[in-house]
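Heads up, work_20.pdb below (PDB, C-alpha atoms and all ligand atoms):
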ATOM      1  CA  MET E 211       9.328   3.257 -24.092  1.00  0.00           C
ATOM      2  CA  ARG E 212       9.549   3.077 -20.338  1.00  0.00           C
ATOM      3  CA  LYS E 213       6.524   3.244 -18.092  1.00  0.00           C
ATOM      4  CA  ASN E 214       5.641   5.833 -15.501  1.00  0.00           C
ATOM      5  CA  ILE E 215       4.920   4.123 -12.184  1.00  0.00           C
ATOM      6  CA  VAL E 216       3.589   5.354  -8.860  1.00  0.00           C
ATOM      7  CA  ALA E 217       4.135   2.604  -6.300  1.00  0.00           C
ATOM      8  CA  GLY E 218       2.987   2.692  -2.698  1.00  0.00           C
ATOM      9  CA  ASN E 219       4.973   1.034   0.061  1.00  0.00           C
ATOM     10  CA  TRP E 220       2.713   0.536   3.040  1.00  0.00           C
ATOM     11  CA  LYS E 221       5.575  -0.864   5.135  1.00  0.00           C
ATOM     12  CA  MET E 222       4.374  -2.431   8.402  1.00  0.00           C
ATOM     13  CA  ASN E 223       1.142  -0.481   8.581  1.00  0.00           C
ATOM     14  CA  LYS E 224      -2.541  -1.426   8.465  1.00  0.00           C
ATOM     15  CA  THR E 225      -4.296  -4.459   9.856  1.00  0.00           C
ATOM     16  CA  LEU E 226      -5.844  -6.735   7.262  1.00  0.00           C
ATOM     17  CA  GLN E 227      -9.205  -4.988   7.627  1.00  0.00           C
ATOM     18  CA  GLU E 228      -7.649  -1.525   7.415  1.00  0.00           C
ATOM     19  CA  GLY E 229      -5.557  -2.534   4.434  1.00  0.00           C
ATOM     20  CA  LEU E 230      -8.553  -3.949   2.612  1.00  0.00           C
ATOM     21  CA  ALA E 231     -10.485  -0.759   3.271  1.00  0.00           C
ATOM     22  CA  LEU E 232      -7.594   1.337   1.934  1.00  0.00           C
ATOM     23  CA  ALA E 233      -7.200  -0.813  -1.187  1.00  0.00           C
ATOM     24  CA  THR E 234     -10.950  -0.798  -1.835  1.00  0.00           C
ATOM     25  CA  GLU E 235     -11.143   2.973  -1.462  1.00  0.00           C
ATOM     26  CA  LEU E 236      -8.203   3.428  -3.836  1.00  0.00           C
ATOM     27  CA  ASN E 237      -9.793   1.060  -6.325  1.00  0.00           C
ATOM     28  CA  GLU E 238     -12.978   3.121  -6.268  1.00  0.00           C
ATOM     29  CA  ALA E 239     -11.066   6.372  -6.588  1.00  0.00           C
ATOM     30  CA  LEU E 240      -9.226   5.107  -9.681  1.00  0.00           C
ATOM     31  CA  ALA E 241     -12.152   3.341 -11.354  1.00  0.00           C
ATOM     32  CA  GLY E 242     -12.741   4.892 -14.756  1.00  0.00           C
ATOM     33  CA  ALA E 243     -10.012   7.511 -14.208  1.00  0.00           C
ATOM     34  CA  LYS E 244      -7.656   8.310 -17.040  1.00  0.00           C
ATOM     35  CA  LEU E 245      -4.253   7.450 -15.650  1.00  0.00           C
ATOM     36  CA  ASN E 246      -0.894   8.450 -17.087  1.00  0.00           C
ATOM     37  CA  CYS E 247       1.030   5.988 -14.959  1.00  0.00           C
ATOM     38  CA  ASP E 248       0.891   2.433 -13.692  1.00  0.00           C
ATOM     39  CA  VAL E 249      -0.216   2.200 -10.076  1.00  0.00           C
ATOM     40  CA  VAL E 250       1.198  -0.351  -7.645  1.00  0.00           C
ATOM     41  CA  ILE E 251       0.578  -0.908  -3.947  1.00  0.00           C
ATOM     42  CA  GLY E 252       3.083  -2.755  -1.772  1.00  0.00           C
ATOM     43  CA  THR E 253       1.214  -4.376   1.086  1.00  0.00           C
ATOM     44  CA  PRO E 254       2.227  -6.651   3.956  1.00  0.00           C
ATOM     45  CA  PHE E 255       2.372 -10.316   2.912  1.00  0.00           C
ATOM     46  CA  ILE E 256      -0.790 -11.319   4.734  1.00  0.00           C
ATOM     47  CA  HIS E 257      -2.814  -8.719   2.827  1.00  0.00           C
ATOM     48  CA  LEU E 258      -1.702  -9.747  -0.640  1.00  0.00           C
ATOM     49  CA  ALA E 259      -4.329 -12.309  -1.651  1.00  0.00           C
ATOM     50  CA  SER E 260      -7.213 -10.309  -0.184  1.00  0.00           C
ATOM     51  CA  VAL E 261      -6.059  -7.068  -1.770  1.00  0.00           C
ATOM     52  CA  VAL E 262      -5.592  -8.755  -5.152  1.00  0.00           C
ATOM     53  CA  ALA E 263      -9.189 -10.016  -4.889  1.00  0.00           C
ATOM     54  CA  ALA E 264     -10.486  -6.592  -3.862  1.00  0.00           C
ATOM     55  CA  VAL E 265      -8.980  -4.437  -6.619  1.00  0.00           C
ATOM     56  CA  ASP E 266      -9.051  -4.333 -10.399  1.00  0.00           C
ATOM     57  CA  THR E 267      -5.560  -5.635 -11.027  1.00  0.00           C
ATOM     58  CA  LYS E 268      -5.602  -4.154 -14.521  1.00  0.00           C
ATOM     59  CA  VAL E 269      -5.539  -0.766 -12.762  1.00  0.00           C
ATOM     60  CA  ILE E 270      -3.709  -1.504  -9.510  1.00  0.00           C
ATOM     61  CA  GLY E 271      -0.765  -3.892  -9.459  1.00  0.00           C
ATOM     62  CA  VAL E 272       0.022  -5.466  -6.124  1.00  0.00           C
ATOM     63  CA  ALA E 273       3.515  -5.816  -4.665  1.00  0.00           C
ATOM     64  CA  ALA E 274       5.077  -7.690  -1.788  1.00  0.00           C
ATOM     65  CA  GLN E 275       7.668  -5.735   0.185  1.00  0.00           C
ATOM     66  CA  ASN E 276      10.139  -8.589   0.385  1.00  0.00           C
ATOM     67  CA  CYS E 277      10.519 -12.301  -0.313  1.00  0.00           C
ATOM     68  CA  ALA E 278      12.765 -15.092   0.900  1.00  0.00           C
ATOM     69  CA  ASN E 279      16.173 -15.730  -0.603  1.00  0.00           C
ATOM     70  CA  LYS E 280      15.418 -19.455  -0.664  1.00  0.00           C
ATOM     71  CA  GLU E 281      13.049 -21.326  -2.919  1.00  0.00           C
ATOM     72  CA  SER E 282      11.212 -23.423  -0.298  1.00  0.00           C
ATOM     73  CA  GLY E 283      11.799 -25.639   2.695  1.00  0.00           C
ATOM     74  CA  ALA E 284      12.741 -25.365   6.356  1.00  0.00           C
ATOM     75  CA  TYR E 285      12.924 -21.583   6.705  1.00  0.00           C
ATOM     76  CA  THR E 286      10.457 -20.853   9.472  1.00  0.00           C
ATOM     77  CA  GLY E 287       8.606 -17.594   9.052  1.00  0.00           C
ATOM     78  CA  GLU E 288       9.774 -16.881   5.516  1.00  0.00           C
ATOM     79  CA  ILE E 289       7.619 -16.223   2.442  1.00  0.00           C
ATOM     80  CA  SER E 290       8.888 -17.425  -0.919  1.00  0.00           C
ATOM     81  CA  ALA E 291       8.645 -15.691  -4.273  1.00  0.00           C
ATOM     82  CA  SER E 292       6.424 -18.526  -5.563  1.00  0.00           C
ATOM     83  CA  MET E 293       4.053 -17.951  -2.622  1.00  0.00           C
ATOM     84  CA  VAL E 294       3.920 -14.257  -3.481  1.00  0.00           C
ATOM     85  CA  LYS E 295       3.208 -15.164  -7.086  1.00  0.00           C
ATOM     86  CA  SER E 296       0.411 -17.521  -6.037  1.00  0.00           C
ATOM     87  CA  THR E 297      -1.487 -14.603  -4.442  1.00  0.00           C
ATOM     88  CA  GLY E 298      -1.754 -12.816  -7.779  1.00  0.00           C
ATOM     89  CA  ALA E 299       0.770 -10.143  -6.793  1.00  0.00           C
ATOM     90  CA  GLU E 300       2.983  -9.039  -9.672  1.00  0.00           C
ATOM     91  CA  TYR E 301       5.826  -7.106  -8.028  1.00  0.00           C
ATOM     92  CA  VAL E 302       8.290  -7.468  -5.162  1.00  0.00           C
ATOM     93  CA  ILE E 303      10.040  -4.493  -3.578  1.00  0.00           C
ATOM     94  CA  LEU E 304      13.616  -5.628  -2.910  1.00  0.00           C
ATOM     95  CA  GLY E 305      16.604  -4.085  -1.205  1.00  0.00           C
ATOM     96  CA  HIS E 306      14.732  -1.365   0.617  1.00  0.00           C
ATOM     97  CA  SER E 307      17.161   0.449   2.917  1.00  0.00           C
ATOM     98  CA  GLU E 308      15.082  -0.588   5.930  1.00  0.00           C
ATOM     99  CA  ARG E 309      15.599  -4.250   4.977  1.00  0.00           C
ATOM    100  CA  ARG E 310      19.301  -3.686   4.365  1.00  0.00           C
ATOM    101  CA  GLU E 311      19.728  -1.823   7.650  1.00  0.00           C
ATOM    102  CA  TYR E 312      17.457  -3.681  10.088  1.00  0.00           C
ATOM    103  CA  TYR E 313      17.494  -7.180   8.589  1.00  0.00           C
ATOM    104  CA  GLY E 314      21.039  -7.407   7.332  1.00  0.00           C
ATOM    105  CA  GLU E 315      20.257  -7.775   3.655  1.00  0.00           C
ATOM    106  CA  THR E 316      23.508  -7.919   1.751  1.00  0.00           C
ATOM    107  CA  SER E 317      24.132  -7.806  -1.956  1.00  0.00           C
ATOM    108  CA  ALA E 318      24.607 -11.589  -1.925  1.00  0.00           C
ATOM    109  CA  ILE E 319      21.184 -12.112  -0.340  1.00  0.00           C
ATOM    110  CA  LEU E 320      19.608  -9.605  -2.706  1.00  0.00           C
ATOM    111  CA  ASN E 321      21.035 -11.400  -5.716  1.00  0.00           C
ATOM    112  CA  GLU E 322      19.247 -14.564  -4.587  1.00  0.00           C
ATOM    113  CA  LYS E 323      16.004 -12.667  -4.029  1.00  0.00           C
ATOM    114  CA  VAL E 324      16.156 -10.915  -7.391  1.00  0.00           C
ATOM    115  CA  ALA E 325      16.832 -14.228  -9.139  1.00  0.00           C
ATOM    116  CA  LEU E 326      13.908 -15.992  -7.424  1.00  0.00           C
ATOM    117  CA  THR E 327      11.596 -13.060  -8.077  1.00  0.00           C
ATOM    118  CA  LEU E 328      12.411 -13.129 -11.779  1.00  0.00           C
ATOM    119  CA  ALA E 329      12.234 -16.924 -11.930  1.00  0.00           C
ATOM    120  CA  ASN E 330       8.674 -16.699 -10.634  1.00  0.00           C
ATOM    121  CA  GLY E 331       7.618 -14.128 -13.200  1.00  0.00           C
ATOM    122  CA  LEU E 332       7.450 -11.258 -10.715  1.00  0.00           C
ATOM    123  CA  THR E 333       8.858  -7.779 -11.296  1.00  0.00           C
ATOM    124  CA  PRO E 334      11.469  -6.658  -8.777  1.00  0.00           C
ATOM    125  CA  ILE E 335      11.334  -3.014  -7.731  1.00  0.00           C
ATOM    126  CA  TYR E 336      14.974  -2.824  -6.758  1.00  0.00           C
ATOM    127  CA  CYS E 337      15.874  -0.079  -4.263  1.00  0.00           C
ATOM    128  CA  CYS E 338      19.192   1.676  -3.925  1.00  0.00           C
ATOM    129  CA  GLY E 339      20.323   4.858  -2.224  1.00  0.00           C
ATOM    130  CA  GLU E 340      22.893   6.399   0.062  1.00  0.00           C
ATOM    131  CA  ALA E 341      22.968   7.552   3.676  1.00  0.00           C
ATOM    132  CA  LEU E 342      23.481  11.180   4.654  1.00  0.00           C
ATOM    133  CA  ASP E 343      27.221  10.938   5.297  1.00  0.00           C
ATOM    134  CA  VAL E 344      27.743   9.601   1.789  1.00  0.00           C
ATOM    135  CA  ARG E 345      25.656  12.428   0.307  1.00  0.00           C
ATOM    136  CA  ASN E 346      27.519  15.003   2.405  1.00  0.00           C
ATOM    137  CA  ALA E 347      30.781  13.657   1.053  1.00  0.00           C
ATOM    138  CA  ASN E 348      29.281  13.904  -2.464  1.00  0.00           C
ATOM    139  CA  GLU E 349      29.969  10.217  -3.026  1.00  0.00           C
ATOM    140  CA  GLN E 350      26.395   9.176  -3.805  1.00  0.00           C
ATOM    141  CA  ASN E 351      27.050   8.240  -7.412  1.00  0.00           C
ATOM    142  CA  ALA E 352      29.890   5.864  -6.592  1.00  0.00           C
ATOM    143  CA  PHE E 353      27.895   4.408  -3.714  1.00  0.00           C
ATOM    144  CA  VAL E 354      24.779   3.718  -5.769  1.00  0.00           C
ATOM    145  CA  LYS E 355      26.827   2.417  -8.698  1.00  0.00           C
ATOM    146  CA  ASN E 356      28.498  -0.048  -6.341  1.00  0.00           C
ATOM    147  CA  GLN E 357      25.105  -1.238  -5.053  1.00  0.00           C
ATOM    148  CA  LEU E 358      24.016  -1.832  -8.638  1.00  0.00           C
ATOM    149  CA  ASP E 359      27.339  -3.416  -9.661  1.00  0.00           C
ATOM    150  CA  GLU E 360      27.055  -5.935  -6.836  1.00  0.00           C
ATOM    151  CA  THR E 361      23.472  -6.879  -7.653  1.00  0.00           C
ATOM    152  CA  VAL E 362      21.293  -6.138 -10.658  1.00  0.00           C
ATOM    153  CA  PHE E 363      24.178  -5.276 -12.969  1.00  0.00           C
ATOM    154  CA  ASN E 364      25.064  -8.973 -12.748  1.00  0.00           C
ATOM    155  CA  LEU E 365      21.821  -9.866 -14.506  1.00  0.00           C
ATOM    156  CA  SER E 366      21.666 -10.742 -18.169  1.00  0.00           C
ATOM    157  CA  ALA E 367      20.414  -7.900 -20.357  1.00  0.00           C
ATOM    158  CA  ASP E 368      17.165  -9.820 -20.897  1.00  0.00           C
ATOM    159  CA  ASP E 369      16.559 -10.096 -17.163  1.00  0.00           C
ATOM    160  CA  PHE E 370      17.655  -6.532 -16.428  1.00  0.00           C
ATOM    161  CA  LYS E 371      14.973  -5.307 -18.832  1.00  0.00           C
ATOM    162  CA  LYS E 372      12.350  -6.812 -16.509  1.00  0.00           C
ATOM    163  CA  ILE E 373      13.246  -4.825 -13.411  1.00  0.00           C
ATOM    164  CA  VAL E 374      12.279  -1.430 -12.046  1.00  0.00           C
ATOM    165  CA  ILE E 375      14.827   0.651 -10.130  1.00  0.00           C
ATOM    166  CA  ALA E 376      13.913   2.892  -7.201  1.00  0.00           C
ATOM    167  CA  TYR E 377      16.451   5.425  -5.981  1.00  0.00           C
ATOM    168  CA  GLU E 378      15.734   6.259  -2.375  1.00  0.00           C
ATOM    169  CA  PRO E 379      18.271   8.385  -0.502  1.00  0.00           C
ATOM    170  CA  ILE E 380      18.066   7.118   3.073  1.00  0.00           C
ATOM    171  CA  TRP E 381      18.162  10.652   4.491  1.00  0.00           C
ATOM    172  CA  ALA E 382      14.943  11.467   2.641  1.00  0.00           C
ATOM    173  CA  ILE E 383      12.917   8.407   3.700  1.00  0.00           C
ATOM    174  CA  GLY E 384      10.194   9.216   6.183  1.00  0.00           C
ATOM    175  CA  THR E 385      12.019  12.362   7.243  1.00  0.00           C
ATOM    176  CA  GLY E 386       9.978  14.972   5.417  1.00  0.00           C
ATOM    177  CA  VAL E 387      13.242  16.039   3.762  1.00  0.00           C
ATOM    178  CA  THR E 388      12.803  15.403   0.071  1.00  0.00           C
ATOM    179  CA  ALA E 389      15.809  15.384  -2.188  1.00  0.00           C
ATOM    180  CA  SER E 390      15.700  18.553  -4.221  1.00  0.00           C
ATOM    181  CA  THR E 391      14.377  18.098  -7.713  1.00  0.00           C
ATOM    182  CA  GLU E 392      17.882  18.699  -8.976  1.00  0.00           C
ATOM    183  CA  GLN E 393      19.454  16.134  -6.627  1.00  0.00           C
ATOM    184  CA  ALA E 394      16.873  13.518  -7.589  1.00  0.00           C
ATOM    185  CA  GLN E 395      17.144  14.216 -11.320  1.00  0.00           C
ATOM    186  CA  ASP E 396      20.957  14.279 -11.239  1.00  0.00           C
ATOM    187  CA  THR E 397      21.191  10.948  -9.435  1.00  0.00           C
ATOM    188  CA  LEU E 398      18.592   9.279 -11.641  1.00  0.00           C
ATOM    189  CA  ALA E 399      20.346  10.599 -14.741  1.00  0.00           C
ATOM    190  CA  PHE E 400      23.568   9.148 -13.361  1.00  0.00           C
ATOM    191  CA  ILE E 401      21.885   5.778 -12.754  1.00  0.00           C
ATOM    192  CA  ARG E 402      20.515   5.803 -16.292  1.00  0.00           C
ATOM    193  CA  SER E 403      23.979   6.582 -17.682  1.00  0.00           C
ATOM    194  CA  ALA E 404      25.415   3.704 -15.641  1.00  0.00           C
ATOM    195  CA  ILE E 405      22.749   1.388 -17.081  1.00  0.00           C
ATOM    196  CA  ALA E 406      23.609   2.633 -20.568  1.00  0.00           C
ATOM    197  CA  ALA E 407      27.295   1.965 -19.983  1.00  0.00           C
ATOM    198  CA  LYS E 408      26.517  -1.558 -18.790  1.00  0.00           C
ATOM    199  CA  PHE E 409      23.613  -2.661 -20.999  1.00  0.00           C
ATOM    200  CA  GLY E 410      23.412  -0.067 -23.780  1.00  0.00           C
ATOM    201  CA  GLN E 411      21.350   3.053 -24.364  1.00  0.00           C
ATOM    202  CA  GLU E 412      18.243   1.255 -25.561  1.00  0.00           C
ATOM    203  CA  ILE E 413      17.881  -0.705 -22.332  1.00  0.00           C
ATOM    204  CA  ALA E 414      18.721   2.399 -20.285  1.00  0.00           C
ATOM    205  CA  ASP E 415      16.011   4.341 -22.093  1.00  0.00           C
ATOM    206  CA  GLY E 416      13.541   1.534 -21.462  1.00  0.00           C
ATOM    207  CA  THR E 417      14.191   1.207 -17.715  1.00  0.00           C
ATOM    208  CA  SER E 418      11.720   2.788 -15.325  1.00  0.00           C
ATOM    209  CA  ILE E 419      13.611   4.547 -12.532  1.00  0.00           C
ATOM    210  CA  LEU E 420      11.596   5.853  -9.587  1.00  0.00           C
ATOM    211  CA  TYR E 421      12.450   8.372  -6.915  1.00  0.00           C
ATOM    212  CA  GLY E 422      11.486   7.662  -3.302  1.00  0.00           C
ATOM    213  CA  GLY E 423      11.833   9.626  -0.084  1.00  0.00           C
ATOM    214  CA  SER E 424       9.198  11.981   1.295  1.00  0.00           C
ATOM    215  CA  CYS E 425       7.563  12.269  -2.099  1.00  0.00           C
ATOM    216  CA  ASN E 426       4.163  13.902  -1.671  1.00  0.00           C
ATOM    217  CA  ALA E 427       1.373  15.594  -3.573  1.00  0.00           C
ATOM    218  CA  LYS E 428       3.172  18.922  -3.391  1.00  0.00           C
ATOM    219  CA  ASN E 429       6.578  17.928  -4.705  1.00  0.00           C
ATOM    220  CA  ALA E 430       5.481  15.129  -7.074  1.00  0.00           C
ATOM    221  CA  PRO E 431       4.540  17.348 -10.061  1.00  0.00           C
ATOM    222  CA  GLU E 432       7.978  18.935 -10.215  1.00  0.00           C
ATOM    223  CA  LEU E 433       9.803  15.652  -9.561  1.00  0.00           C
ATOM    224  CA  PHE E 434       7.787  13.752 -12.183  1.00  0.00           C
ATOM    225  CA  ALA E 435       8.374  16.486 -14.756  1.00  0.00           C
ATOM    226  CA  GLN E 436      12.105  15.683 -14.767  1.00  0.00           C
ATOM    227  CA  PRO E 437      13.358  13.769 -17.795  1.00  0.00           C
ATOM    228  CA  ASP E 438      14.830  10.841 -15.841  1.00  0.00           C
ATOM    229  CA  ILE E 439      12.253  10.506 -13.050  1.00  0.00           C
ATOM    230  CA  ASP E 440       9.702   7.910 -14.121  1.00  0.00           C
ATOM    231  CA  GLY E 441       7.634   7.941 -10.968  1.00  0.00           C
ATOM    232  CA  GLY E 442       7.831   7.434  -7.253  1.00  0.00           C
ATOM    233  CA  LEU E 443       8.035   4.865  -4.496  1.00  0.00           C
ATOM    234  CA  ILE E 444       5.779   6.346  -1.872  1.00  0.00           C
ATOM    235  CA  GLY E 445       5.777   5.436   1.812  1.00  0.00           C
ATOM    236  CA  GLY E 446       3.824   7.638   4.208  1.00  0.00           C
ATOM    237  CA  ALA E 447       1.753   9.345   1.534  1.00  0.00           C
ATOM    238  CA  SER E 448       0.504   5.993   0.205  1.00  0.00           C
ATOM    239  CA  LEU E 449      -1.456   5.349   3.396  1.00  0.00           C
ATOM    240  CA  LYS E 450      -4.190   7.849   2.572  1.00  0.00           C
ATOM    241  CA  VAL E 451      -6.106   7.603  -0.678  1.00  0.00           C
ATOM    242  CA  ALA E 452      -6.399  11.364  -1.183  1.00  0.00           C
ATOM    243  CA  ASP E 453      -2.634  11.847  -0.785  1.00  0.00           C
ATOM    244  CA  PHE E 454      -1.708   8.866  -2.959  1.00  0.00           C
ATOM    245  CA  LYS E 455      -4.240   9.755  -5.655  1.00  0.00           C
ATOM    246  CA  ALA E 456      -2.888  13.302  -5.796  1.00  0.00           C
ATOM    247  CA  ILE E 457       0.591  11.868  -6.453  1.00  0.00           C
ATOM    248  CA  ILE E 458      -0.817   9.583  -9.172  1.00  0.00           C
ATOM    249  CA  ASP E 459      -2.528  12.621 -10.681  1.00  0.00           C
ATOM    250  CA  ALA E 460       0.815  14.448 -10.774  1.00  0.00           C
ATOM    251  CA  PHE E 461       1.449  12.585 -14.065  1.00  0.00           C
TER
HETATM  252  P1  LIG U 501       8.475   7.872   2.526  1.00  0.00           P
HETATM  253  O1  LIG U 501       9.039   6.402   2.281  1.00  0.00           O
HETATM  254  O2  LIG U 501       7.677   8.252   1.306  1.00  0.00           O
HETATM  255  O3  LIG U 501       7.600   7.742   3.756  1.00  0.00           O
HETATM  256  O4  LIG U 501       9.640   8.762   2.748  1.00  0.00           O
HETATM  257  C1  LIG U 501       9.497   6.017   1.021  1.00  0.00           C
HETATM  258  C2  LIG U 501       9.985   4.596   1.078  1.00  0.00           C
HETATM  259  O5  LIG U 501      10.646   4.212   2.043  1.00  0.00           O
HETATM  260  O6  LIG U 501       9.714   3.812   0.148  1.00  0.00           O
END

Could you render the structure as structure tokens?
Amino acid sequence: MRKNIVAGNWKMNKTLQEGLALATELNEALAGAKLNCDVVIGTPFIHLASVVAAVDTKVIGVAAQNCANKESGAYTGEISASMVKSTGAEYVILGHSERREYYGETSAILNEKVALTLANGLTPIYCCGEALDVRNANEQNAFVKNQLDETVFNLSADDFKKIVIAYEPIWAIGTGVTASTEQAQDTLAFIRSAIAAKFGQEIADGTSILYGGSCNAKNAPELFAQPDIDGGLIGGASLKVADFKAIIDAF
């Protein structure tokens, strides 16, 4: 059966020292705790190796927030999936709306990144989600389906089974406006039905689908109680251990 996952996305926050302190504090807070979900933290690239060394990776999985769409070579400033893998990280967040919007990530680029992530034995946390105008026009299902059709729905069933999906409506990210429980559940149920239509019910039932967008300690219990919400991708609230731990404890 699918896993529950609470994944933090630190974005471009925390110096190396601050990030190490945060990871170490989280590690201590979770040591010996009975957890009903997998915990992941998505750190900046330069933190990865140090954070992996500082935490019990059986309790806290470590994620990169991106990787290059090329394997290696003359791509100044880029970080490859194999480099991420060599740090001991296990996940890569891909297709975050901030990467799509500010760094021009297209479906074609994301297909390359997903393929390289999988080829290096890393788990993609693949993000999708609509902007406010799409939601207002009630076209979110078609929009998200198209994002999936152009990318991860091209994978083989065996590869698709290895990925995690995160639905993050852009209007809810960092805005303090959370999707209502009903909106989140409805969209995740739709995504699961689309997976079932493409890959079959068994794979759909085995896929972890996360909600992201202003998820916090207050709204997490109700969100995580929904049948199709298997956890959260957490931005702002992952930057403080007490807040993040409270979300983990919502399971
Ligand atoms: P937020 O960010 O929790 O700060 O809204 C979520 C995300 O972008 O992953």

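Distances from E:Asn276, E:Thr297, E:Ser260, E:Asn426 to Met222 of chain E were compared using all atoms listed in the file, and the smallest one belongs to E:Asn276.
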
Rank E:Ile458, E:Ala217, E:Ala404, E:Met211 by their smallest atom-to-atom distance to ligand LIG 501 (chain U), using only C-alpha atoms and all ligand atoms, and report the top residue only. E:Ala217

The PyMOL selection byres (((chain E and resi 424) around 9) and not hetatm) resolved against shown file, as number ranges by chain: E: 382-389, 422-423, 425-426, 429, 444-447

Residue members of the PyMOL selection byres (((chain E and resi 418) around 7) and not hetatm) in the file shown, as a VMD selection string: chain E and resid 212 to 214 374 to 375 416 to 417 419 to 420 440

Report, in Å with one decimal, the straight-line distance from atom CA of Asn356 of chain E to atom CA of Pro379 of chain E.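 Taking atom CA of Asn356 of chain E and atom CA of Pro379 of chain E, their separation equals 14.5 Å.
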
When the PyMOL selection byres (((chain E and resi 225-229) around 10) and not hetatm) is applied to the structure above, which residues does it catch, written out as a PyMOL selection string? chain E and resi 220+222-224+230-235+253-258+260-261+449

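Computed from the coordinates, the atom CA of Leu365 of chain E to atom CA of Arg310 of chain E distance equals 20.0 Å.
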
Can you list, as a ChimeraX atom specification, every protein, DNA or RNA residue that comes within 10 Å of Asn364 of chain E when you count all atoms listed in the file, leaving out same-chain residues fewer than 5 positions away? /E:321,358-359,369-370,408

Selection near Gly305 of chain E, 9 Å with all atoms listed in the file, sequence-local residues under 6 positions removed, as number ranges by chain: E: 276, 315-317, 320, 335-338
